[in-house]
>>> print(open('final-v1.cif').read())   # mmCIF, C-alpha atoms
data_upload
loop_
_atom_site.label_atom_id
_atom_site.label_comp_id
_atom_site.auth_asym_id
_atom_site.auth_seq_id
_atom_site.Cartn_x
_atom_site.Cartn_y
_atom_site.Cartn_z
CA MET T 1 0.00 0.00 0.00
CA SER T 2 2.79 2.43 0.89
CA ASN T 3 4.56 1.71 -2.40
CA LEU T 4 1.33 2.33 -4.30
CA LEU T 5 0.76 5.62 -2.49
CA ARG T 6 4.29 6.79 -3.25
CA ALA T 7 3.80 5.88 -6.91
CA GLU T 8 0.45 7.72 -7.03
CA PHE T 9 1.84 10.89 -5.48
CA PHE T 10 4.83 10.74 -7.82
CA LYS T 11 2.43 10.59 -10.78
CA LEU T 12 0.33 13.34 -9.24
CA PHE T 13 3.12 15.86 -8.93
CA LYS T 14 4.44 14.95 -12.37
CA SER T 15 1.00 15.35 -13.92
CA LYS T 16 0.63 18.24 -16.36
CA ALA T 17 -3.13 18.13 -15.82
CA PHE T 18 -2.66 18.82 -12.11
CA PHE T 19 -0.55 21.91 -12.72
CA ILE T 20 -2.87 23.15 -15.47
CA CYS T 21 -5.85 22.77 -13.12
CA THR T 22 -3.87 24.57 -10.41
CA LEU T 23 -3.23 27.52 -12.71
CA SER T 24 -6.85 27.42 -13.82
CA MET T 25 -7.90 27.61 -10.17
CA VAL T 26 -5.84 30.77 -9.71
CA GLY T 27 -7.29 32.22 -12.91
CA ALA T 28 -10.86 31.40 -11.86
CA THR T 29 -10.24 33.08 -8.51
CA ILE T 30 -8.97 36.25 -10.17
CA ILE T 31 -11.99 36.36 -12.49
CA MET T 32 -14.34 35.92 -9.53
CA ILE T 33 -12.75 38.78 -7.59
CA LEU T 34 -12.73 41.07 -10.64
CA THR T 35 -16.42 40.27 -11.11
CA TYR T 36 -17.14 41.39 -7.55
CA LYS T 37 -15.10 44.53 -8.21
CA LEU T 38 -17.22 45.25 -11.28
CA LEU T 39 -20.42 44.74 -9.28
CA ALA T 40 -19.17 47.08 -6.59
CA VAL T 41 -18.50 49.75 -9.23
CA LEU T 42 -21.73 49.32 -11.19
CA TYR T 43 -24.18 48.99 -8.33
CA THR T 44 -23.89 52.36 -6.65
CA PRO T 45 -25.86 53.20 -3.47
CA GLU T 46 -28.26 55.28 -5.60
CA MET T 47 -28.95 52.36 -7.91
CA LEU T 48 -29.49 50.03 -4.94
CA ASP T 49 -31.97 52.50 -3.44
CA ALA T 50 -33.82 52.59 -6.77
CA LEU T 51 -33.96 48.80 -6.86
CA SER T 52 -35.28 48.75 -3.31
CA ALA T 53 -37.97 51.27 -4.24
CA GLN T 54 -39.03 49.12 -7.20
CA MET T 55 -39.24 46.02 -5.01
CA GLU T 56 -41.29 47.87 -2.41
CA GLY T 57 -43.62 49.06 -5.15
CA SER T 58 -44.12 45.44 -6.16
CA GLY T 59 -45.11 44.47 -2.63
CA LEU T 60 -41.65 43.19 -1.69
CA THR T 61 -39.48 44.57 1.08
CA SER T 62 -35.72 44.42 0.85
CA SER T 63 -32.99 46.92 1.49
CA GLY T 64 -30.32 47.63 -1.08
CA SER T 65 -27.70 45.93 1.05
CA GLU T 66 -29.79 42.73 0.91
CA VAL T 67 -30.10 42.84 -2.86
CA PHE T 68 -26.40 43.33 -3.62
CA MET T 69 -23.36 43.43 -1.41
CA THR T 70 -21.06 46.35 -2.25
CA THR T 71 -18.78 46.27 0.79
CA TYR T 72 -16.59 43.49 -0.52
CA ASN T 73 -13.39 42.51 1.27
CA THR T 74 -11.47 39.32 2.01
CA VAL T 75 -13.64 38.46 5.02
CA THR T 76 -16.87 38.64 3.00
CA ILE T 77 -15.54 37.16 -0.25
CA LEU T 78 -13.79 34.09 1.21
CA PRO T 79 -17.00 32.13 1.93
CA LEU T 80 -18.43 33.17 -1.46
CA SER T 81 -15.62 31.33 -3.26
CA PHE T 82 -17.46 28.04 -2.59
CA THR T 83 -20.85 29.22 -3.85
CA GLY T 84 -19.98 28.86 -7.54
CA ASN T 85 -18.99 25.60 -9.18
CA SER T 86 -15.42 26.48 -10.22
CA PHE T 87 -13.88 24.34 -7.46
CA GLN T 88 -16.07 21.33 -8.27
CA LEU T 89 -15.64 21.78 -12.03
CA LEU T 90 -11.84 21.74 -11.89
CA ILE T 91 -11.85 18.78 -9.49
CA ALA T 92 -14.16 16.94 -11.89
CA ILE T 93 -11.89 17.56 -14.90
CA PHE T 94 -8.74 16.61 -13.02
CA THR T 95 -10.27 13.43 -11.60
CA ALA T 96 -11.44 12.30 -15.03
CA ILE T 97 -7.91 12.75 -16.40
CA PHE T 98 -6.06 11.33 -13.39
CA VAL T 99 -8.29 8.30 -12.80
CA ALA T 100 -10.10 7.42 -16.04
CA GLY T 101 -7.06 8.40 -18.12
CA GLU T 102 -5.11 5.48 -16.64
CA TYR T 103 -7.61 3.02 -18.07
CA SER T 104 -7.41 4.62 -21.49
CA CYS T 105 -3.60 4.51 -21.68
CA GLY T 106 -3.18 1.07 -20.06
CA ALA T 107 -1.40 2.32 -16.92
CA MET T 108 -4.04 0.82 -14.62
CA LYS T 109 -3.65 -2.61 -16.24
CA ALA T 110 0.13 -2.40 -15.78
CA THR T 111 -0.31 -1.57 -12.09
CA ALA T 112 -2.76 -4.44 -11.55
CA SER T 113 -0.38 -6.90 -13.22
CA LYS T 114 2.24 -6.28 -10.52
CA GLY T 115 0.34 -8.39 -8.02
CA TYR T 116 -1.14 -5.72 -5.76
CA SER T 117 -4.60 -6.37 -4.36
CA ARG T 118 -7.47 -4.66 -6.11
CA MET T 119 -8.53 -2.92 -2.89
CA SER T 120 -5.03 -1.49 -2.35
CA ILE T 121 -4.87 -0.16 -5.90
CA PHE T 122 -8.27 1.51 -5.66
CA ALA T 123 -7.62 2.89 -2.16
CA SER T 124 -4.31 4.44 -3.20
CA LYS T 125 -5.93 6.12 -6.21
CA PHE T 126 -8.84 7.24 -4.03
CA ILE T 127 -6.56 8.81 -1.40
CA SER T 128 -4.20 10.51 -3.85
CA THR T 129 -7.12 12.04 -5.76
CA ALA T 130 -8.68 13.32 -2.53
CA VAL T 131 -5.37 14.94 -1.56
CA ALA T 132 -5.08 16.52 -5.02
CA ALA T 133 -8.61 17.92 -4.73
CA ASP T 134 -7.80 19.41 -1.32
CA ILE T 135 -4.64 20.99 -2.72
CA LEU T 136 -6.67 22.59 -5.52
CA VAL T 137 -9.13 24.02 -3.00
CA ILE T 138 -6.29 25.30 -0.79
CA ILE T 139 -4.73 27.00 -3.82
CA GLY T 140 -8.10 28.59 -4.57
CA LEU T 141 -8.48 29.84 -0.98
CA ILE T 142 -4.93 31.24 -0.86
CA SER T 143 -5.47 32.98 -4.21
CA THR T 144 -8.74 34.43 -2.92
CA VAL T 145 -7.07 35.83 0.18
CA ILE T 146 -4.17 37.34 -1.77
CA PHE T 147 -6.10 38.95 -4.63
CA ALA T 148 -9.13 39.99 -2.57
CA THR T 149 -6.82 41.70 -0.07
CA ILE T 150 -4.98 43.49 -2.89
CA ILE T 151 -8.19 44.74 -4.55
CA PHE T 152 -10.56 45.25 -1.61
CA GLY T 153 -8.47 45.01 1.55
CA PHE T 154 -8.84 42.36 4.24
CA GLY T 155 -11.71 44.04 6.07
CA GLU T 156 -12.64 44.24 9.70
CA VAL T 157 -12.24 40.94 11.54
CA PRO T 158 -15.41 40.17 13.53
CA SER T 159 -15.35 38.61 16.94
CA GLY T 160 -15.08 34.84 16.87
CA PHE T 161 -13.66 34.95 13.34
CA ALA T 162 -11.01 32.28 14.00
CA SER T 163 -13.45 29.70 15.38
CA ASP T 164 -16.06 30.46 12.71
CA MET T 165 -13.44 30.10 9.97
CA ALA T 166 -12.20 26.80 11.45
CA LEU T 167 -15.72 25.33 11.41
CA PHE T 168 -16.36 26.69 7.92
CA LEU T 169 -13.17 25.12 6.53
CA LEU T 170 -13.85 21.82 8.33
CA VAL T 171 -17.27 21.52 6.73
CA GLN T 172 -16.03 22.57 3.30
CA PHE T 173 -13.11 20.13 3.28
CA VAL T 174 -15.36 17.25 4.38
CA LEU T 175 -17.79 18.16 1.60
CA ASN T 176 -14.90 18.52 -0.85
CA LEU T 177 -13.84 14.99 0.08
CA GLY T 178 -17.34 13.82 -0.80
CA VAL T 179 -17.23 15.64 -4.15
CA SER T 180 -13.86 14.19 -5.16
CA SER T 181 -14.94 10.73 -3.97
CA LEU T 182 -18.05 10.88 -6.15
CA PHE T 183 -15.98 11.79 -9.20
CA VAL T 184 -13.51 8.96 -8.48
CA ALA T 185 -16.41 6.50 -8.35
CA ILE T 186 -17.81 7.83 -11.64
CA SER T 187 -14.39 7.62 -13.31
CA THR T 188 -13.97 4.05 -12.05
CA LEU T 189 -17.36 3.06 -13.43
CA VAL T 190 -17.03 4.78 -16.83
CA ARG T 191 -13.26 4.20 -17.40
CA ASN T 192 -13.13 6.49 -20.43
CA MET T 193 -11.47 9.86 -20.05
CA GLY T 194 -13.55 11.74 -22.61
CA GLY T 195 -16.79 10.26 -21.33
CA CYS T 196 -15.87 10.99 -17.73
CA ILE T 197 -15.04 14.62 -18.49
CA ALA T 198 -18.41 15.05 -20.21
CA ILE T 199 -20.34 13.33 -17.42
CA THR T 200 -18.60 15.07 -14.52
CA ILE T 201 -18.89 18.51 -16.15
CA GLY T 202 -22.57 17.83 -16.76
CA ILE T 203 -23.06 16.79 -13.14
CA SER T 204 -21.24 19.86 -11.85
CA SER T 205 -22.93 22.38 -14.12
CA PHE T 206 -26.39 21.12 -15.04
CA LEU T 207 -27.56 18.61 -12.43
CA PRO T 208 -28.43 21.32 -9.83
CA MET T 209 -30.69 22.99 -12.42
CA ILE T 210 -32.36 19.68 -13.28
CA LEU T 211 -32.94 18.83 -9.60
CA SER T 212 -34.45 22.29 -9.00
CA LEU T 213 -36.86 21.73 -11.89
CA ILE T 214 -37.82 18.35 -10.41
CA ASP T 215 -38.50 20.08 -7.09
CA LEU T 216 -40.80 22.56 -8.85
CA VAL T 217 -42.71 19.72 -10.52
CA ILE T 218 -43.09 17.89 -7.20
CA GLN T 219 -44.33 21.05 -5.48
CA LYS T 220 -46.82 21.63 -8.31
CA LEU T 221 -48.17 18.08 -8.31
CA LEU T 222 -47.90 17.39 -4.58
CA PRO T 223 -48.03 20.76 -2.77
CA ASP T 224 -48.47 19.12 0.64
CA LEU T 225 -45.34 16.97 0.24
CA LEU T 226 -42.41 18.67 1.94
CA LEU T 227 -39.66 17.19 -0.20
CA SER T 228 -36.70 18.90 -1.84
CA ILE T 229 -34.51 16.54 -3.83
CA SER T 230 -31.96 19.26 -4.63
CA SER T 231 -31.27 19.81 -0.94
CA TYR T 232 -29.62 16.36 -0.82
CA TRP T 233 -27.26 17.10 -3.72
CA ILE T 234 -23.77 17.67 -2.32
CA VAL T 235 -22.97 20.72 -4.48
CA GLN T 236 -26.15 22.36 -3.16
CA VAL T 237 -25.04 21.59 0.40
CA VAL T 238 -21.65 23.16 -0.36
CA ALA T 239 -23.44 26.37 -1.37
CA GLU T 240 -25.74 26.28 1.67
CA THR T 241 -22.82 25.95 4.08
CA SER T 242 -20.72 28.67 2.41
CA THR T 243 -21.12 31.05 5.33
CA LEU T 244 -19.17 31.96 8.43
CA SER T 245 -22.44 31.99 10.40
CA LEU T 246 -22.98 28.25 10.45
CA THR T 247 -25.89 27.07 12.54
CA SER T 248 -25.71 23.73 14.32
CA SER T 249 -28.16 22.23 11.80
CA LEU T 250 -26.11 23.44 8.81
CA LEU T 251 -22.90 22.21 10.42
CA THR T 252 -24.41 18.77 11.01
CA LYS T 253 -25.91 18.63 7.52
CA GLY T 254 -22.59 19.53 5.90
CA LEU T 255 -20.55 16.99 7.86
CA VAL T 256 -23.07 14.16 7.47
CA THR T 257 -23.52 14.83 3.74
CA GLY T 258 -19.77 14.84 3.08
CA ILE T 259 -19.19 11.64 5.07
CA LEU T 260 -22.12 9.77 3.48
CA TYR T 261 -21.11 10.74 -0.07
CA THR T 262 -17.52 9.67 0.66
CA LEU T 263 -18.51 6.28 2.08
CA PHE T 264 -21.08 5.60 -0.64
CA SER T 265 -18.67 6.57 -3.43
CA PHE T 266 -15.84 4.47 -1.97
CA ILE T 267 -18.08 1.39 -1.67
CA ILE T 268 -19.46 1.74 -5.21
CA GLY T 269 -16.04 2.46 -6.74
CA ALA T 270 -14.26 -0.32 -4.85
CA ALA T 271 -16.98 -2.87 -5.70
CA SER T 272 -16.81 -1.99 -9.38
CA PHE T 273 -13.01 -2.15 -9.39
CA GLN T 274 -13.08 -5.58 -7.70
CA VAL T 275 -15.45 -7.34 -10.06
CA ARG T 276 -14.69 -5.82 -13.46
CA ASP T 277 -11.79 -6.80 -15.70
CA ILE T 278 -9.11 -4.17 -16.38
CA ASN T 279 -8.54 -3.94 -20.12
#
>>> encode(input="final-v1.cif", output="structure tokens")
Amino acid sequence: MSNLLRAEFFKLFKSKAFFICTLSMVGATIIMILTYKLLAVLYTPEMLDALSAQMEGSGLTSSGSEVFMTTYNTVTILPLSFTGNSFQLLIAIFTAIFVAGEYSCGAMKATASKGYSRMSIFASKFISTAVAADILVIIGLISTVIFATIIFGFGEVPSGFASDMALFLLVQFVLNLGVSSLFVAISTLVRNMGGCIAITIGISSFLPMILSLIDLVIQKLLPDLLLSISSYWIVQVVAETSTLSLTSSLLTKGLVTGILYTLFSFIIGAASFQVRDIN
């Protein structure tokens, strides 16, 4: 197992895809922060007041600060970095290349022919991919802190910031483990790099929309049924828990969701790897 892990991490840090995804993570972070800068410039206090007046005239009540946030800084932007799908999208692409690509080029068959147990091979790939996903997220967070501080400043640190940030990062990294585990399982089942990239990108980008539409249909047909399928989708839970004001229910939901997705994905991926031939 230790030899397999060393080999996997050697391949990881020699992988061009990993470094390209790392650079893409930095680029996505810069684009996100520049977008917030553009919003802060475009949505002036006068415009926000006008929007609030329009909403009040329509029977809605909301202050301008609730419609758009214009006081951006590192403290407020850092949690927002998880609300989009850039982290999940890059993890999906990398996993498809790093895992499914080995089936396409024959590397997985060569590893299996060396006499290692199937469980050890899958576990080493599972662990190394999870570590790579965490590194990508860490790079994204560091880039957010650096560029947000340069453009907006760090901002005033609220009381309890350290403990709130620790809980926030704990939940997000557990959920990130669930996301990467799901993509490893998909790559192990599909075993084709091009197909995996298409499937994982589709899951990251379009599945939340499809689940929301299903929720609308359920609410229309069964209005008394309190069921929201999208609330169980891990990417939706990532967005829900992207706040420094985590309630106990959100904290529990995030941790349980990440752990369950990880265990389920590991079981499905390992079972598939055990019973199927490696061509």
>>> closest_residue(input="final-v1.cif", among="T:Thr71, T:Ser242, T:Ser15, T:Ser265", to="Ile186 of chain T", atoms="only C-alpha atoms")
T:Ser265
>>> closest_residue(input="final-v1.cif", among="T:Ser86, T:Thr188, T:Gln236, T:Thr241", to="Ser104 of chain T", atoms="all atoms listed in the file")
T:Thr188
>>> closest_residue(input="final-v1.cif", among="T:Val99, T:Leu90, T:Leu42, T:Ile139", to="Gly194 of chain T", atoms="only C-alpha atoms")
T:Val99
>>> resolve_selection(input="final-v1.cif", expression="the PyMOL selection byres ((chain T and resi 98) around 10)", output="list in words")
Glu8, Lys11, Leu12, Ser15, Ala17, Phe18, Ala92, Ile93, Phe94, Thr95, Ala96, Ile97, Val99, Ala100, Gly101, Glu102, Tyr103, Lys125, Ser128, Thr129, Ala132, Val184, Ser187 and Met193 of chain T
>>> atom_distance(input="final-v1.cif", atom1="atom CA of Gln172 of chain T", atom2="atom CA of Leu216 of chain T")
27.6 Å
